[in-house]
>>> print(open('start.pdb').read())   # PDB, C-alpha atoms
MODEL        1
ATOM      1  CA  MET L   1       0.000   0.000   0.000
ATOM      2  CA  PHE L   2       2.788   2.410   0.791
ATOM      3  CA  ASN L   3       4.261   1.912  -2.656
ATOM      4  CA  ARG L   4       0.963   2.608  -4.351
ATOM      5  CA  LYS L   5       0.351   5.711  -2.278
ATOM      6  CA  SER L   6       3.855   7.126  -2.795
ATOM      7  CA  GLU L   7       3.967   6.342  -6.506
ATOM      8  CA  PRO L   8       0.882   8.418  -7.384
ATOM      9  CA  ALA L   9       2.107  11.167  -5.052
ATOM     10  CA  ALA L  10       5.437  11.495  -6.868
ATOM     11  CA  PRO L  11       3.935  11.865 -10.386
ATOM     12  CA  ALA L  12       1.318  14.265  -9.039
ATOM     13  CA  SER L  13       4.015  16.560  -7.645
ATOM     14  CA  GLN L  14       6.063  16.213 -10.832
ATOM     15  CA  SER L  15       3.065  17.054 -13.005
ATOM     16  CA  ALA L  16       2.329  20.055 -10.756
ATOM     17  CA  SER L  17       5.834  21.443 -11.252
ATOM     18  CA  PRO L  18       5.635  21.699 -15.066
ATOM     19  CA  ALA L  19       2.209  23.308 -14.756
ATOM     20  CA  VAL L  20       3.712  25.949 -12.484
ATOM     21  CA  SER L  21       6.584  26.459 -14.943
ATOM     22  CA  GLU L  22       4.182  26.782 -17.859
ATOM     23  CA  GLN L  23       2.107  29.302 -15.945
ATOM     24  CA  ALA L  24       5.256  31.251 -15.062
ATOM     25  CA  ASN L  25       6.331  31.295 -18.714
ATOM     26  CA  ARG L  26       2.901  32.460 -19.850
ATOM     27  CA  THR L  27       2.968  35.215 -17.262
ATOM     28  CA  LEU L  28       6.402  36.449 -18.329
ATOM     29  CA  ALA L  29       5.811  36.308 -22.084
ATOM     30  CA  PRO L  30       3.407  39.291 -22.319
ATOM     31  CA  ALA L  31       5.662  41.391 -20.087
ATOM     32  CA  GLN L  32       8.573  40.803 -22.468
ATOM     33  CA  SER L  33       6.664  41.510 -25.688
ATOM     34  CA  GLY L  34       8.974  44.385 -26.631
ATOM     35  CA  GLY L  35      12.658  44.253 -27.460
ATOM     36  CA  LEU L  36      15.468  46.394 -26.090
ATOM     37  CA  LEU L  37      18.637  47.637 -27.725
ATOM     38  CA  SER L  38      20.308  49.054 -24.642
ATOM     39  CA  ARG L  39      22.742  51.900 -24.095
ATOM     40  CA  GLY L  40      26.261  50.993 -25.134
ATOM     41  CA  VAL L  41      25.114  48.697 -27.959
ATOM     42  CA  SER L  42      25.957  49.736 -31.514
ATOM     43  CA  ILE L  43      24.499  48.268 -34.721
ATOM     44  CA  LYS L  44      25.579  49.001 -38.276
ATOM     45  CA  GLY L  45      23.079  47.669 -40.813
ATOM     46  CA  SER L  46      19.321  47.174 -40.917
ATOM     47  CA  VAL L  47      17.091  46.569 -37.919
ATOM     48  CA  LYS L  48      13.757  44.768 -38.303
ATOM     49  CA  PHE L  49      11.239  43.829 -35.608
ATOM     50  CA  LEU L  50       7.549  42.929 -35.353
ATOM     51  CA  ASN L  51       5.889  44.378 -32.239
ATOM     52  CA  GLU L  52       7.791  46.870 -30.086
ATOM     53  CA  LEU L  53      11.399  47.957 -29.736
ATOM     54  CA  LEU L  54      13.149  50.436 -27.469
ATOM     55  CA  ILE L  55      16.501  51.645 -28.768
ATOM     56  CA  ASP L  56      18.777  53.440 -26.329
ATOM     57  CA  GLY L  57      22.015  52.634 -28.160
ATOM     58  CA  GLU L  58      23.420  53.509 -31.585
ATOM     59  CA  VAL L  59      22.078  52.427 -34.977
ATOM     60  CA  GLU L  60      23.608  53.318 -38.325
ATOM     61  CA  GLY L  61      21.313  52.041 -41.060
ATOM     62  CA  THR L  62      17.631  51.490 -41.696
ATOM     63  CA  ILE L  63      14.953  50.570 -39.174
ATOM     64  CA  ASN L  64      11.856  48.917 -40.632
ATOM     65  CA  SER L  65       8.856  47.544 -38.743
ATOM     66  CA  PRO L  66       5.080  47.171 -38.683
ATOM     67  CA  GLY L  67       5.256  47.871 -34.927
ATOM     68  CA  LYS L  68       6.048  50.613 -32.419
ATOM     69  CA  LEU L  69       9.527  52.111 -32.070
ATOM     70  CA  SER L  70      10.704  54.098 -29.062
ATOM     71  CA  ILE L  71      14.005  55.925 -29.296
ATOM     72  CA  GLY L  72      15.486  56.493 -25.843
ATOM     73  CA  GLU L  73      17.162  59.654 -24.616
ATOM     74  CA  HIS L  74      20.691  58.205 -25.081
ATOM     75  CA  ALA L  75      20.014  56.840 -28.577
ATOM     76  CA  GLN L  76      21.883  57.991 -31.683
ATOM     77  CA  ILE L  77      20.148  56.931 -34.905
ATOM     78  CA  SER L  78      21.576  57.624 -38.347
ATOM     79  CA  GLY L  79      19.339  56.366 -41.146
ATOM     80  CA  GLU L  80      15.783  56.014 -42.354
ATOM     81  CA  ILE L  81      13.028  54.854 -39.995
ATOM     82  CA  ARG L  82       9.796  53.193 -41.159
ATOM     83  CA  ALA L  83       7.355  52.021 -38.488
ATOM     84  CA  LYS L  84       3.726  52.147 -37.392
ATOM     85  CA  SER L  85       4.489  54.466 -34.488
ATOM     86  CA  VAL L  86       7.713  56.326 -33.610
ATOM     87  CA  LYS L  87       8.446  58.087 -30.321
ATOM     88  CA  VAL L  88      11.721  60.041 -30.256
ATOM     89  CA  ARG L  89      13.559  61.097 -27.092
ATOM     90  CA  GLY L  90      17.142  60.848 -28.414
ATOM     91  CA  THR L  91      18.907  61.977 -31.593
ATOM     92  CA  VAL L  92      17.871  60.963 -35.120
ATOM     93  CA  GLU L  93      19.590  61.951 -38.368
ATOM     94  CA  GLY L  94      17.351  60.672 -41.135
ATOM     95  CA  ASN L  95      13.785  60.594 -42.336
ATOM     96  CA  ILE L  96      10.902  59.093 -40.374
ATOM     97  CA  PHE L  97       7.926  57.450 -42.086
ATOM     98  CA  ALA L  98       5.188  56.481 -39.615
ATOM     99  CA  THR L  99       1.944  54.862 -40.759
ATOM    100  CA  GLU L 100       0.090  55.861 -37.576
ATOM    101  CA  ARG L 101       1.890  58.437 -35.400
ATOM    102  CA  CYS L 102       5.186  60.239 -34.787
ATOM    103  CA  GLU L 103       5.999  61.935 -31.495
ATOM    104  CA  LEU L 104       8.994  64.189 -30.801
ATOM    105  CA  GLU L 105       9.450  64.498 -27.047
ATOM    106  CA  ALA L 106      11.251  67.146 -24.994
ATOM    107  CA  GLY L 107      15.032  67.032 -25.393
ATOM    108  CA  CYS L 108      15.080  65.102 -28.667
ATOM    109  CA  THR L 109      16.819  66.189 -31.866
ATOM    110  CA  LEU L 110      15.607  65.232 -35.339
ATOM    111  CA  ARG L 111      17.495  66.241 -38.472
ATOM    112  CA  GLY L 112      15.315  64.910 -41.264
ATOM    113  CA  ASP L 113      11.818  64.859 -42.668
ATOM    114  CA  ILE L 114       8.702  63.321 -41.181
ATOM    115  CA  GLU L 115       5.769  61.741 -42.984
ATOM    116  CA  ALA L 116       2.916  60.628 -40.713
ATOM    117  CA  PRO L 117      -0.869  60.971 -40.355
ATOM    118  CA  ARG L 118      -0.425  62.316 -36.806
ATOM    119  CA  LEU L 119       2.485  64.363 -35.462
ATOM    120  CA  VAL L 120       3.119  65.509 -31.895
ATOM    121  CA  VAL L 121       6.021  67.902 -31.262
ATOM    122  CA  ASP L 122       6.925  68.961 -27.727
ATOM    123  CA  GLU L 123       7.916  72.614 -27.321
ATOM    124  CA  ASN L 124      11.426  71.596 -26.158
ATOM    125  CA  ALA L 125      12.128  69.295 -29.122
ATOM    126  CA  THR L 126      14.604  70.235 -31.861
ATOM    127  CA  PHE L 127      13.303  69.512 -35.368
ATOM    128  CA  LEU L 128      15.275  70.511 -38.466
ATOM    129  CA  GLY L 129      13.394  69.338 -41.533
ATOM    130  CA  SER L 130       9.955  69.261 -43.074
ATOM    131  CA  ALA L 131       6.801  67.454 -42.058
ATOM    132  CA  LYS L 132       4.061  65.986 -44.226
ATOM    133  CA  VAL L 133       1.065  65.304 -42.000
ATOM    134  CA  ALA L 134      -1.749  63.658 -43.942
ATOM    135  CA  THR L 135      -3.823  60.518 -43.782
ATOM    136  CA  ALA L 136      -3.006  57.805 -46.293
ATOM    137  CA  LYS L 137      -5.295  57.794 -49.339
TER     138      LYS L 137
ENDMDL
END
>>> encode(input="start.pdb", output="structure tokens")
Amino acid sequence: MFNRKSEPAAPASQSASPAVSEQANRTLAPAQSGGLLSRGVSIKGSVKFLNELLIDGEVEGTINSPGKLSIGEHAQISGEIRAKSVKVRGTVEGNIFATERCELEAGCTLRGDIEAPRLVVDENATFLGSAKVATAK
């Protein structure tokens, strides 16, 4: 009897452990939906991503995505940006093409043109270029 009682107890606890791990993984996955290119990281070439990306490092090249891009205050971007939504807090030298929205926050510097259906420019942002704000036809 002891063997029968302990045998089912062991598999039950083992099956409970993977369930806890699976639940933990499911809980963490949504929290980590966005990517991060942190300060001190430098990329030369093209950057592509699907959902969300925060760049606080350096990128020299094109950035292309159907998702949301956030450019951190320490970021240095040199190249064209194409994304659904772009929020700039750092420095960008190049054109931005947003299909939904572009936001230039306080302290940012943009040297290039913007094309987006919605544009938000903070009064303390530096913007040297032209803007075409119109909905897609």
>>> resolve_selection(input="start.pdb", expression="the PyMOL selection byres ((chain L and resi 41-51) around 7)", output="short mmCIF file (atom, residue, chain, number, x, y, z; two decimals) with C-alpha atoms, keeping the file's coordinate frame")
data_model
loop_
_atom_site.label_atom_id
_atom_site.label_comp_id
_atom_site.auth_asym_id
_atom_site.auth_seq_id
_atom_site.Cartn_x
_atom_site.Cartn_y
_atom_site.Cartn_z
CA GLY L 34 8.97 44.38 -26.63
CA LEU L 37 18.64 47.64 -27.72
CA SER L 38 20.31 49.05 -24.64
CA ARG L 39 22.74 51.90 -24.10
CA GLY L 40 26.26 50.99 -25.13
CA GLU L 52 7.79 46.87 -30.09
CA GLY L 57 22.02 52.63 -28.16
CA GLU L 58 23.42 53.51 -31.58
CA VAL L 59 22.08 52.43 -34.98
CA GLU L 60 23.61 53.32 -38.33
CA GLY L 61 21.31 52.04 -41.06
CA THR L 62 17.63 51.49 -41.70
CA ILE L 63 14.95 50.57 -39.17
CA ASN L 64 11.86 48.92 -40.63
CA SER L 65 8.86 47.54 -38.74
CA PRO L 66 5.08 47.17 -38.68
CA GLY L 67 5.26 47.87 -34.93
CA LYS L 68 6.05 50.61 -32.42
#
>>> resolve_selection(input="start.pdb", expression="the PyMOL selection byres ((chain L and resi 69) around 7)", output="list in words")
Glu52, Leu53, Leu54, Gly67, Lys68, Ser70, Ile71, Ala83, Ser85, Val86 and Lys87 of chain L
>>> resolve_selection(input="start.pdb", expression="the PyMOL selection byres ((chain L and resi 100-112) around 8)", output="PyMOL selection string")
chain L and resi 73+84-96+98-99+113-114+116-130
>>> atom_distance(input="start.pdb", atom1="CA of Lys132 (chain L)", atom2="CA of Leu36 (chain L)")
29.0 Å
>>> decode(input="start.pdb", residues="region 88-101 of chain L", atoms="N, CA and C atoms", output="PDB file, in the first residue's frame")
ATOM      1  N   VAL L  88      10.310  59.661 -30.284  1.00  0.00           N
ATOM      2  CA  VAL L  88      11.721  60.041 -30.256  1.00  0.00           C
ATOM      3  C   VAL L  88      12.038  60.835 -28.992  1.00  0.00           C
ATOM      4  N   ARG L  89      13.042  60.363 -28.241  1.00  0.00           N
ATOM      5  CA  ARG L  89      13.559  61.097 -27.092  1.00  0.00           C
ATOM      6  C   ARG L  89      15.042  61.393 -27.271  1.00  0.00           C
ATOM      7  N   GLY L  90      15.711  60.685 -28.176  1.00  0.00           N
ATOM      8  CA  GLY L  90      17.142  60.848 -28.414  1.00  0.00           C
ATOM      9  C   GLY L  90      17.422  61.655 -29.667  1.00  0.00           C
ATOM     10  N   THR L  91      18.478  61.261 -30.397  1.00  0.00           N
ATOM     11  CA  THR L  91      18.907  61.977 -31.593  1.00  0.00           C
ATOM     12  C   THR L  91      18.724  61.109 -32.832  1.00  0.00           C
ATOM     13  N   VAL L  92      18.086  61.670 -33.850  1.00  0.00           N
ATOM     14  CA  VAL L  92      17.871  60.963 -35.120  1.00  0.00           C
ATOM     15  C   VAL L  92      18.348  61.852 -36.254  1.00  0.00           C
ATOM     16  N   GLU L  93      19.180  61.281 -37.136  1.00  0.00           N
ATOM     17  CA  GLU L  93      19.590  61.951 -38.368  1.00  0.00           C
ATOM     18  C   GLU L  93      19.105  61.081 -39.515  1.00  0.00           C
ATOM     19  N   GLY L  94      17.958  61.447 -40.060  1.00  0.00           N
ATOM     20  CA  GLY L  94      17.351  60.672 -41.135  1.00  0.00           C
ATOM     21  C   GLY L  94      15.852  60.895 -41.153  1.00  0.00           C
ATOM     22  N   ASN L  95      15.227  60.392 -42.165  1.00  0.00           N
ATOM     23  CA  ASN L  95      13.785  60.594 -42.336  1.00  0.00           C
ATOM     24  C   ASN L  95      12.982  59.552 -41.567  1.00  0.00           C
ATOM     25  N   ILE L  96      11.806  59.982 -41.099  1.00  0.00           N
ATOM     26  CA  ILE L  96      10.902  59.093 -40.374  1.00  0.00           C
ATOM     27  C   ILE L  96       9.599  58.976 -41.155  1.00  0.00           C
ATOM     28  N   PHE L  97       9.192  57.739 -41.428  1.00  0.00           N
ATOM     29  CA  PHE L  97       7.926  57.450 -42.086  1.00  0.00           C
ATOM     30  C   PHE L  97       7.098  56.606 -41.124  1.00  0.00           C
ATOM     31  N   ALA L  98       6.049  57.192 -40.558  1.00  0.00           N
ATOM     32  CA  ALA L  98       5.188  56.481 -39.615  1.00  0.00           C
ATOM     33  C   ALA L  98       3.806  56.311 -40.243  1.00  0.00           C
ATOM     34  N   THR L  99       3.265  55.112 -40.174  1.00  0.00           N
ATOM     35  CA  THR L  99       1.944  54.862 -40.759  1.00  0.00           C
ATOM     36  C   THR L  99       0.821  55.279 -39.817  1.00  0.00           C
ATOM     37  N   GLU L 100       1.129  55.492 -38.526  1.00  0.00           N
ATOM     38  CA  GLU L 100       0.090  55.861 -37.576  1.00  0.00           C
ATOM     39  C   GLU L 100       0.393  57.167 -36.845  1.00  0.00           C
ATOM     40  N   ARG L 101       1.596  57.286 -36.265  1.00  0.00           N
ATOM     41  CA  ARG L 101       1.890  58.437 -35.400  1.00  0.00           C
ATOM     42  C   ARG L 101       3.385  58.629 -35.210  1.00  0.00           C
TER      43      ARG L 101
END
